[in-house]
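This is input17.tsv. It holds TSV, C-alpha atoms.
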```
chain	number	residue	atom	x	y	z
F	1	MET	CA	89.85	58.39	133.61
F	2	THR	CA	90.27	54.61	133.52
F	3	TYR	CA	87.19	53.67	135.44
F	4	GLU	CA	85.98	51.06	133.03
F	5	ALA	CA	86.24	47.50	134.21
F	6	HIS	CA	84.95	44.45	132.46
F	7	VAL	CA	83.57	41.81	134.72
F	8	VAL	CA	83.17	38.52	132.98
F	9	ALA	CA	80.24	36.29	133.73
F	10	LEU	CA	80.30	33.14	135.67
F	11	THR	CA	81.09	30.38	133.23
F	12	GLY	CA	79.00	27.88	135.09
F	13	THR	CA	81.70	25.25	134.95
F	14	ASP	CA	82.47	25.45	138.63
F	15	GLU	CA	78.98	26.10	139.89
F	16	GLY	CA	77.07	23.66	137.76
F	17	SER	CA	74.68	26.29	136.40
F	18	ALA	CA	74.97	29.20	134.02
F	19	ALA	CA	74.42	32.73	135.28
F	20	PRO	CA	73.50	35.61	133.01
F	21	PRO	CA	76.50	37.61	131.79
F	22	ARG	CA	77.28	40.63	133.95
F	23	PRO	CA	77.60	43.93	132.14
F	24	ALA	CA	80.77	45.97	131.82
F	25	ILE	CA	80.76	48.53	134.63
F	26	GLN	CA	81.75	52.11	134.11
F	27	VAL	CA	81.57	54.25	137.26
F	28	VAL	CA	81.16	57.46	135.28
F	29	PRO	CA	79.50	56.93	131.86
F	30	LEU	CA	81.93	58.93	129.72
F	31	LYS	CA	79.47	59.22	126.83
F	32	GLY	CA	77.19	61.27	129.07
F	33	LEU	CA	79.81	63.85	130.04
F	34	PRO	CA	79.46	66.00	126.88
F	35	ILE	CA	75.70	66.21	127.50
F	36	VAL	CA	76.29	67.30	131.10
F	37	ALA	CA	78.89	69.83	129.93
F	38	ALA	CA	76.46	71.24	127.34
F	39	ILE	CA	73.72	71.58	129.98
F	40	MET	CA	76.14	73.37	132.35
F	41	VAL	CA	77.26	75.81	129.64
F	42	PHE	CA	73.63	76.54	128.74
F	43	LEU	CA	72.80	77.01	132.43
F	44	ILE	CA	75.68	79.47	132.93
F	45	ALA	CA	74.56	81.40	129.82
F	46	ALA	CA	70.97	81.48	131.10
F	47	ILE	CA	72.07	82.89	134.46
F	48	ALA	CA	74.56	85.35	132.96
F	49	ARG	CA	72.06	86.69	130.42
F	50	ASN	CA	69.03	86.37	132.72
F	51	TRP	CA	67.06	84.43	130.12
F	52	GLN	CA	63.76	84.10	131.96
F	53	TRP	CA	62.39	81.30	129.76
F	54	ALA	CA	65.58	79.24	130.12
F	55	LEU	CA	65.71	79.76	133.89
F	56	ASP	CA	62.08	78.64	134.08
F	57	LEU	CA	62.88	75.61	131.93
F	58	PHE	CA	65.88	74.59	134.04
F	59	HIS	CA	64.10	75.11	137.34
F	60	VAL	CA	60.74	73.55	136.48
F	61	ALA	CA	62.02	70.68	134.32
F	62	GLY	CA	64.99	69.99	136.58
F	63	GLY	CA	62.93	70.16	139.77
F	64	GLY	CA	60.15	68.00	138.31
F	65	LEU	CA	62.59	65.31	137.17
F	66	TRP	CA	64.52	65.44	140.46
F	67	THR	CA	61.32	65.00	142.48
F	68	ALA	CA	59.92	62.30	140.21
F	69	ILE	CA	63.13	60.26	140.16
F	70	ASP	CA	63.55	60.49	143.95
F	71	LEU	CA	59.95	59.39	144.54
F	72	PHE	CA	60.10	56.65	141.93
F	73	VAL	CA	63.42	55.22	143.14
F	74	GLY	CA	62.60	55.49	146.82
F	75	LEU	CA	59.00	54.34	146.80
F	76	VAL	CA	58.71	52.12	143.69
F	77	VAL	CA	62.10	50.77	142.61
F	78	GLY	CA	63.47	50.45	146.15
F	79	PRO	CA	60.87	48.02	147.55
F	80	ILE	CA	61.07	45.92	144.36
F	81	LEU	CA	64.87	45.84	144.58
F	82	GLY	CA	64.69	44.71	148.19
F	83	ARG	CA	62.84	41.55	147.15
F	84	LEU	CA	65.28	40.53	144.42
F	85	SER	CA	68.11	38.02	144.85
F	86	ILE	CA	71.57	39.46	145.47
F	87	PRO	CA	72.85	38.64	141.95
F	88	ALA	CA	69.74	40.25	140.44
F	89	ARG	CA	70.22	43.36	142.58
F	90	ALA	CA	73.86	43.49	141.54
F	91	GLU	CA	73.00	43.23	137.86
F	92	PHE	CA	70.35	45.94	138.17
F	93	SER	CA	72.76	48.17	140.11
F	94	ALA	CA	75.49	47.73	137.50
F	95	ARG	CA	73.22	49.19	134.84
F	96	PHE	CA	71.30	51.68	136.96
F	97	MET	CA	73.83	53.31	139.28
F	98	PRO	CA	76.28	54.74	136.67
F	99	LYS	CA	73.42	56.65	135.09
F	100	MET	CA	72.44	58.07	138.47
F	101	VAL	CA	76.03	59.29	138.99
F	102	LEU	CA	75.52	61.74	136.12
F	103	ILE	CA	71.78	62.40	136.16
F	104	MET	CA	71.18	63.38	139.78
F	105	PRO	CA	73.99	65.93	140.35
F	106	THR	CA	73.14	67.54	137.00
F	107	LEU	CA	69.45	67.86	137.92
F	108	VAL	CA	70.30	69.23	141.36
F	109	VAL	CA	72.63	71.92	139.97
F	110	MET	CA	70.13	72.85	137.23
F	111	THR	CA	67.25	73.19	139.67
F	112	LEU	CA	69.04	75.05	142.45
F	113	ALA	CA	71.13	77.44	140.35
F	114	ALA	CA	68.22	78.40	138.10
F	115	GLY	CA	65.86	78.60	141.09
F	116	PHE	CA	68.12	80.98	143.00
F	117	GLN	CA	68.44	83.25	139.95
F	118	LEU	CA	64.67	83.20	139.40
F	119	ALA	CA	64.08	84.13	143.02
F	120	VAL	CA	66.48	87.07	142.71
F	121	ASN	CA	65.00	88.24	139.40
F	122	LEU	CA	61.39	87.98	140.61
F	123	GLY	CA	62.18	89.75	143.88
F	124	ASN	CA	61.03	86.79	145.94
F	125	LEU	CA	64.04	87.07	148.25
F	126	ALA	CA	63.12	90.58	149.39
F	127	PRO	CA	62.01	90.51	153.06
F	128	SER	CA	58.81	92.38	152.19
F	129	ASN	CA	57.84	89.82	149.57
F	130	PRO	CA	55.09	87.41	150.74
F	131	ASN	CA	57.12	84.53	149.30
F	132	HIS	CA	60.22	85.29	151.37
F	133	GLY	CA	59.27	83.04	154.29
F	134	TRP	CA	58.30	80.20	151.95
F	135	LEU	CA	61.59	80.48	150.11
F	136	VAL	CA	63.57	80.38	153.35
F	137	ALA	CA	61.57	77.27	154.28
F	138	SER	CA	62.47	75.72	150.92
F	139	PHE	CA	66.15	76.58	151.53
F	140	ALA	CA	65.95	74.70	154.83
F	141	VAL	CA	64.30	71.66	153.22
F	142	VAL	CA	66.86	71.66	150.40
F	143	GLY	CA	69.65	72.02	152.97
F	144	VAL	CA	68.55	68.86	154.81
F	145	MET	CA	68.09	67.08	151.48
F	146	SER	CA	71.59	68.11	150.39
F	147	VAL	CA	73.17	66.62	153.50
F	148	ILE	CA	71.34	63.31	152.93
F	149	ALA	CA	71.97	63.25	149.18
F	150	LEU	CA	75.61	64.30	149.28
F	151	GLY	CA	76.65	62.70	152.55
F	152	VAL	CA	74.76	59.39	152.34
F	153	LEU	CA	73.24	58.67	148.94
F	154	GLU	CA	76.05	59.70	146.58
F	155	PRO	CA	78.88	57.92	148.47
F	156	ALA	CA	76.78	54.72	148.60
F	157	ASN	CA	76.14	55.00	144.86
F	158	ILE	CA	79.85	55.30	144.01
F	159	ALA	CA	80.90	52.62	146.51
F	160	VAL	CA	78.45	50.10	144.98
F	161	LEU	CA	79.99	50.69	141.57
F	162	PHE	CA	83.52	50.16	142.86
F	163	GLU	CA	82.44	46.98	144.62
F	164	MET	CA	80.88	45.76	141.36
F	165	ARG	CA	84.17	46.24	139.53
F	166	LYS	CA	85.99	43.75	141.73
F	167	PRO	CA	86.67	40.26	140.36
F	168	GLU	CA	84.68	38.87	143.28
F	169	PRO	CA	82.17	41.51	144.42
F	170	ASP	CA	80.87	41.04	147.91
F	171	GLY	CA	77.11	40.65	147.73
F	172	GLU	CA	76.65	41.64	151.35
F	173	VAL	CA	78.53	44.92	150.86
F	174	ILE	CA	76.43	45.68	147.77
F	175	THR	CA	73.23	44.85	149.64
F	176	LYS	CA	74.21	47.04	152.58
F	177	LEU	CA	75.14	49.98	150.35
F	178	MET	CA	72.10	49.61	148.09
F	179	LYS	CA	69.86	49.56	151.16
F	180	ARG	CA	71.46	52.82	152.28
F	181	PHE	CA	70.96	54.27	148.78
F	182	VAL	CA	67.31	53.26	148.56
F	183	TYR	CA	66.40	54.40	152.10
F	184	ALA	CA	68.10	57.75	151.45
F	185	ALA	CA	66.23	58.10	148.15
F	186	GLY	CA	62.97	57.31	149.96
F	187	VAL	CA	63.57	59.97	152.62
F	188	LEU	CA	64.49	62.45	149.90
F	189	GLY	CA	61.32	61.53	148.00
F	190	VAL	CA	59.15	62.28	151.02
F	191	MET	CA	60.98	65.58	151.58
F	192	GLN	CA	60.42	66.41	147.93
F	193	VAL	CA	56.69	66.41	148.66
F	194	ALA	CA	57.32	69.27	151.10
F	195	THR	CA	59.23	71.09	148.36
F	196	LEU	CA	56.33	70.55	145.94
F	197	VAL	CA	53.90	72.09	148.43
F	198	ILE	CA	56.19	75.08	149.05
F	199	MET	CA	56.87	75.67	145.34
F	200	SER	CA	53.16	75.40	144.47
F	201	ARG	CA	52.45	77.98	147.15
F	202	VAL	CA	55.24	80.30	145.93
F	203	SER	CA	54.14	80.16	142.30
F	204	THR	CA	50.52	81.02	143.11
F	205	GLN	CA	50.96	83.91	145.56
H	206	MET	CA	88.89	35.34	134.02
H	207	THR	CA	85.95	34.22	136.00
H	208	ALA	CA	84.23	36.70	138.24
H	209	ARG	CA	81.99	35.54	140.95
H	210	LEU	CA	79.39	37.46	142.89
H	211	SER	CA	79.48	36.37	146.46
H	212	SER	CA	75.96	35.85	147.69
H	213	THR	CA	76.69	33.98	150.85
H	214	ALA	CA	74.95	35.03	154.01
H	215	THR	CA	78.12	36.12	155.75
H	216	GLU	CA	78.05	39.48	157.47
H	217	VAL	CA	80.25	42.30	156.24
H	218	PRO	CA	83.14	42.11	158.68
H	219	ALA	CA	83.32	45.09	160.99
H	220	ARG	CA	86.56	47.04	161.08
H	221	GLY	CA	87.48	49.57	163.69
H	222	LEU	CA	87.56	52.66	161.53
H	223	PRO	CA	87.13	56.10	163.06
H	224	PRO	CA	83.83	57.94	162.44
H	225	ILE	CA	85.09	59.76	159.34
H	226	THR	CA	81.71	59.76	157.58
H	227	GLN	CA	79.92	61.20	160.59
H	228	LEU	CA	82.55	63.93	161.06
H	229	GLN	CA	82.61	64.91	157.39
H	230	VAL	CA	78.82	64.86	157.06
H	231	GLY	CA	78.70	66.98	160.24
H	232	ALA	CA	81.17	69.42	158.64
H	233	LEU	CA	79.05	69.49	155.48
H	234	GLY	CA	75.88	70.04	157.51
H	235	LEU	CA	77.36	73.05	159.30
H	236	VAL	CA	78.35	74.83	156.08
H	237	ILE	CA	74.97	74.05	154.53
H	238	VAL	CA	73.20	75.56	157.55
H	239	GLY	CA	75.49	78.58	157.22
H	240	GLY	CA	74.80	78.80	153.49
H	241	VAL	CA	71.04	78.63	154.01
H	242	TYR	CA	71.29	81.33	156.69
H	243	MET	CA	73.27	83.62	154.38
H	244	ALA	CA	71.05	82.93	151.35
H	245	SER	CA	67.96	83.79	153.41
H	246	TYR	CA	69.35	87.33	153.82
H	247	PHE	CA	70.40	87.74	150.19
H	248	PRO	CA	70.63	90.36	148.60
H	249	ARG	CA	70.98	92.13	151.98
H	250	ARG	CA	74.22	91.73	153.94
H	251	PRO	CA	73.74	89.16	156.70
H	252	PRO	CA	75.24	89.40	160.19
H	253	LEU	CA	78.39	87.29	159.90
H	254	GLY	CA	78.76	86.04	163.49
H	255	LEU	CA	76.73	82.86	163.10
H	256	PRO	CA	78.04	81.93	159.62
H	257	VAL	CA	81.66	82.41	160.75
H	258	ALA	CA	81.04	80.25	163.84
H	259	LEU	CA	79.45	77.54	161.68
H	260	LEU	CA	82.34	77.74	159.24
H	261	ALA	CA	84.88	77.42	162.06
H	262	GLY	CA	83.00	74.40	163.44
H	263	SER	CA	82.97	72.84	159.99
H	264	VAL	CA	86.73	73.35	159.53
H	265	ALA	CA	87.35	71.84	162.98
H	266	LEU	CA	85.26	68.72	162.26
H	267	PHE	CA	86.91	68.32	158.86
H	268	ALA	CA	90.40	68.64	160.36
H	269	ILE	CA	89.64	66.18	163.19
H	270	GLY	CA	88.31	63.69	160.63
H	271	MET	CA	91.39	64.02	158.43
H	272	ILE	CA	93.76	63.61	161.37
H	273	MET	CA	91.90	60.49	162.51
H	274	LEU	CA	91.92	59.14	158.97
H	275	ALA	CA	95.65	59.77	158.57
H	276	ARG	CA	96.30	57.52	161.56
H	277	VAL	CA	94.44	54.54	160.10
H	278	ARG	CA	96.75	51.66	159.20
H	279	ASP	CA	96.15	49.32	156.25
H	280	PHE	CA	93.87	51.76	154.50
H	281	ALA	CA	93.40	51.73	150.70
H	282	TRP	CA	94.97	55.13	150.11
H	283	ASP	CA	95.39	54.55	146.36
H	284	THR	CA	91.64	54.09	145.99
H	285	PHE	CA	90.94	56.96	148.38
H	286	PHE	CA	93.00	59.40	146.31
H	287	LEU	CA	91.80	58.03	142.95
H	288	VAL	CA	88.16	58.55	143.88
H	289	GLY	CA	88.83	61.67	145.89
H	290	ARG	CA	90.52	63.63	143.15
H	291	TRP	CA	87.79	63.03	140.55
H	292	ALA	CA	85.07	63.74	143.08
H	293	LEU	CA	86.94	66.91	144.11
H	294	LEU	CA	87.00	68.04	140.48
H	295	ALA	CA	83.26	67.41	140.14
H	296	TYR	CA	82.36	69.26	143.34
H	297	LEU	CA	84.74	72.14	142.60
H	298	ILE	CA	82.73	72.65	139.41
H	299	GLN	CA	79.48	72.61	141.41
H	300	ALA	CA	80.90	75.01	144.01
H	301	SER	CA	82.06	77.30	141.21
H	302	MET	CA	78.53	77.36	139.81
H	303	ILE	CA	77.16	78.48	143.18
H	304	GLU	CA	79.94	81.07	143.58
H	305	PHE	CA	79.14	82.35	140.09
H	306	ALA	CA	75.46	82.78	141.06
H	307	PHE	CA	76.43	84.92	144.06
H	308	VAL	CA	79.05	87.01	142.21
H	309	HIS	CA	76.67	87.50	139.27
H	310	ASN	CA	74.15	88.95	141.73
H	311	HIS	CA	76.68	91.44	143.10
H	312	ALA	CA	77.67	89.69	146.33
H	313	SER	CA	80.89	91.24	147.61
H	314	GLY	CA	83.03	92.02	150.63
H	315	PRO	CA	83.29	89.90	153.80
H	316	ALA	CA	80.02	88.09	153.06
H	317	LEU	CA	81.42	86.84	149.75
H	318	VAL	CA	84.62	85.73	151.48
H	319	VAL	CA	82.61	83.70	154.01
H	320	VAL	CA	80.47	82.19	151.22
H	321	THR	CA	83.62	81.29	149.26
H	322	LEU	CA	85.20	79.59	152.28
H	323	MET	CA	81.95	77.70	152.90
H	324	LEU	CA	81.91	76.56	149.29
H	325	MET	CA	85.51	75.37	149.66
H	326	MET	CA	84.44	73.27	152.64
H	327	PHE	CA	81.48	72.00	150.61
H	328	ALA	CA	83.82	71.00	147.78
H	329	MET	CA	86.23	69.20	150.14
H	330	THR	CA	83.94	67.36	152.55
H	331	ILE	CA	81.81	65.55	149.95
H	332	PRO	CA	84.76	64.04	148.02
H	333	THR	CA	86.24	62.95	151.36
H	334	VAL	CA	83.04	61.10	152.31
H	335	ILE	CA	82.76	59.51	148.87
H	336	ALA	CA	86.43	58.48	148.75
H	337	PHE	CA	86.33	57.12	152.31
H	338	THR	CA	83.13	55.14	151.66
H	339	VAL	CA	84.70	53.51	148.60
H	340	ALA	CA	88.15	52.92	150.11
H	341	ARG	CA	86.87	51.34	153.33
H	342	TYR	CA	85.57	48.37	151.35
H	343	GLU	CA	88.82	47.86	149.44
H	344	VAL	CA	91.16	45.11	150.54
H	345	VAL	CA	94.58	46.62	151.07
H	346	ARG	CA	97.31	45.01	148.99
H	347	GLY	CA	99.42	42.64	151.03
H	348	THR	CA	96.80	42.13	153.72
H	349	GLU	CA	93.85	39.83	154.08
H	350	SER	CA	91.89	42.38	156.04
H	351	HIS	CA	88.54	43.62	154.85
H	352	PRO	CA	86.62	46.69	156.10
```
Rewrite the coordinates I just gave you, this time as structure tokens.
Amino acid sequence: MTYEAHVVALTGTDEGSAAPPRPAIQVVPLKGLPIVAAIMVFLIAAIARNWQWALDLFHVAGGGLWTAIDLFVGLVVGPILGRLSIPARAEFSARFMPKMVLIMPTLVVMTLAAGFQLAVNLGNLAPSNPNHGWLVASFAVVGVMSVIALGVLEPANIAVLFEMRKPEPDGEVITKLMKRFVYAAGVLGVMQVATLVIMSRVSTQ
Amino acid sequence: MTARLSSTATEVPARGLPPITQLQVGALGLVIVGGVYMASYFPRRPPLGLPVALLAGSVALFAIGMIMLARVRDFAWDTFFLVGRWALLAYLIQASMIEFAFVHNHASGPALVVVTLMLMMFAMTIPTVIAFTVARYEVVRGTESHP
């Protein structure tokens, strides 16, 4: 994959002022791929062997990180980002978004795959189980979240990175796409609260 | 090489592109609703009428979107396919993980076929949305047009 593009900083000679150097932009951070691959292999082994402790680890740690990152990005980072200048937003995005390309899908797969296996193993999916209705509700919440995350948030994330790789990135396009990303993350963060309530209920019944 | 970040207050020019994102997200939404419906019955066998109808609707929306996209002139197809193929690889891996979870838990028969077809739609619609979102902002070689 030849995604790496080096974008050189403004020299300042034609603008009369020096701008901070812009970082090299890699859409998919290749160094992170072996870590993702290792997590996926471990996840498959945990499901195949029904390792209860590992399924718990993947589901609880993955879900906690997923929720925390969504809430933090949507409700803390987003409003701050909205008040920054366009070059500052672009510089932040260049460093932040490639990491999100790897982190979020990995957390989502960890949480959902391990969660489904846990539900099967614990019998929570059985219609007679008191948790069945709660789990179906969580499926519905996750379904809506998936449509927003995969149909709105992820495309905006990738498109920002491609815009950043251009010799002359369009600040308005980046702003528009980042706004979409941050709003989507905010909505997902709020929906995560519903998931937290449901999961707390399921784990204590 | 000097790169410049445009920070002028100009609006992103509007371009008359068909509603590909809406159609593909609609197609994705239908298979996710179908998947949630089927998962809510698991490990029992669900009635397949509704999931098959949702799957058919998803395929129809996807096909309409692709036909409309194929008719777009001056579109950055190189970028579309570059992004699309890597995204397809990533989402095929995710879909395979989900398929594995169902097969591992003894899903079989027509229900598994429907789930597999839904996962195929899942793995195709998301890369299409991602690739389209990236390509629409690319300037096509030989033209001055912008999305």
For chain F versus chain H, which residues have an atom no more than 9 Å away, and what is each residue's nearest atom pair and distance in Å rounded to one decimal, using all atoms listed in the file, chain-then-number order, as CSV?
```
residue,atom,partner,partner_atom,distance
F:Met1,CA,H:Trp291,CA,8.6
F:Val7,CA,H:Ala208,CA,6.2
F:Val8,CA,H:Ala208,CA,5.7
F:Ala9,CA,H:Ala208,CA,6.0
F:Leu10,CA,H:Thr207,CA,5.8
F:Thr11,CA,H:Thr207,CA,6.8
F:Met40,CA,H:Met302,CA,8.8
F:Ile44,CA,H:Met302,CA,7.7
F:Ile47,CA,H:Ala306,CA,7.4
F:Ala48,CA,H:His309,CA,7.0
F:Ser85,CA,H:Ser212,CA,8.6
F:Ile86,CA,H:Ser212,CA,6.1
F:Pro87,CA,H:Leu210,CA,6.7
F:Ala90,CA,H:Leu210,CA,8.3
F:Pro105,CA,H:Gln299,CA,8.7
F:Val109,CA,H:Gln299,CA,7.0
F:Leu112,CA,H:Ile303,CA,8.8
F:Ala113,CA,H:Ile303,CA,6.7
F:Ala114,CA,H:Ala306,CA,9.0
F:Phe116,CA,H:Ala306,CA,7.8
F:Gln117,CA,H:Ala306,CA,7.1
F:Val120,CA,H:Pro248,CA,7.9
F:Leu125,CA,H:Phe247,CA,6.7
F:Ala126,CA,H:Pro248,CA,7.6
F:Pro127,CA,H:Tyr246,CA,8.0
F:His132,CA,H:Ser245,CA,8.1
F:Gly133,CA,H:Ser245,CA,8.8
F:Leu135,CA,H:Ser245,CA,7.9
F:Val136,CA,H:Ser245,CA,5.6
F:Phe139,CA,H:Val241,CA,5.9
F:Ala140,CA,H:Val241,CA,6.5
F:Val142,CA,H:Val241,CA,8.9
F:Gly143,CA,H:Ile237,CA,5.9
F:Val144,CA,H:Gly234,CA,7.9
F:Ser146,CA,H:Ile237,CA,8.0
F:Val147,CA,H:Gly234,CA,5.9
F:Ile148,CA,H:Val230,CA,8.7
F:Leu150,CA,H:Ile331,CA,6.4
F:Gly151,CA,H:Val230,CA,5.5
F:Val152,CA,H:Val230,CA,8.3
F:Glu154,CA,H:Ile335,CA,7.1
F:Pro155,CA,H:Ile335,CA,4.2
F:Ala156,CA,H:Thr338,CA,7.1
F:Asn157,CA,H:Ile335,CA,9.0
F:Ile158,CA,H:Val339,CA,6.9
F:Ala159,CA,H:Val339,CA,4.4
F:Val160,CA,H:Val339,CA,8.0
F:Leu161,CA,H:Val339,CA,8.9
F:Phe162,CA,H:Val339,CA,6.7
F:Glu163,CA,H:Tyr342,CA,7.6
F:Met164,CA,H:Leu210,CA,8.6
F:Lys166,CA,H:Ala208,CA,8.1
F:Pro167,CA,H:Ala208,CA,4.8
F:Glu168,CA,H:Arg209,CA,4.9
F:Pro169,CA,H:Leu210,CA,5.1
F:Asp170,CA,H:Ser211,CA,5.1
F:Gly171,CA,H:Ser212,CA,4.9
F:Glu172,CA,H:Val217,CA,6.1
F:Val173,CA,H:Val217,CA,6.2
F:Lys176,CA,H:Val217,CA,8.5
```
What does the structure give for the distance between CA of Pro252 in chain H and CA of Gly270 in chain H, in Å to one decimal?
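Computing it gives 28.8 Å between the two atoms.
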I'd like to know which of F:Trp51, F:Trp66, F:Phe42, F:Trp134 is closest to Gln192 in chain F, using only C-alpha atoms.
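Closest to Gln192 in chain F, using only C-alpha atoms: F:Trp66.
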Adding 3 Å on each side of the box along x, y and z that holds all listed atoms of range 54-59 of chain F, could you give its centre and edge lengths in Å to one decimal, as JSON?
```
{"center_x": 64.0, "center_y": 77.2, "center_z": 133.7, "size_x": 9.8, "size_y": 11.2, "size_z": 13.2}
```
F:Val101, F:Leu43, F:Val77, F:Ala61: which is nearest Val28 in chain F, counting all atoms listed in the file?
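Ranked by minimum distance to Val28 in chain F, first place goes to F:Val101.
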Quick one: residues within 12 Å of Leu84 in chain F, all atoms listed in the file, excluding same-chain residues fewer than 6 positions away - as number ranges by chain?
F: 77-78, 90-93, 175, 178
Find the distance between CA of Pro29 in chain F and CA of Arg165 in chain F and write it in Å to one decimal.
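CA of Arg165 in chain F lies 14.0 Å from CA of Pro29 in chain F.
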Could you tell me how far CA of Gly189 in chain F sits from CA of Ile80 in chain F, in Å to one decimal place?
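Result for CA of Ile80 in chain F versus CA of Gly189 in chain F: 16.0 Å, one decimal.
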Skipping near chain neighbours, those fewer than 6 positions away, what residues fall within 7 Å of Met110 in chain F using all atoms listed in the file, listed as a PyMOL selection string?
chain F and resi 43+58-59+62
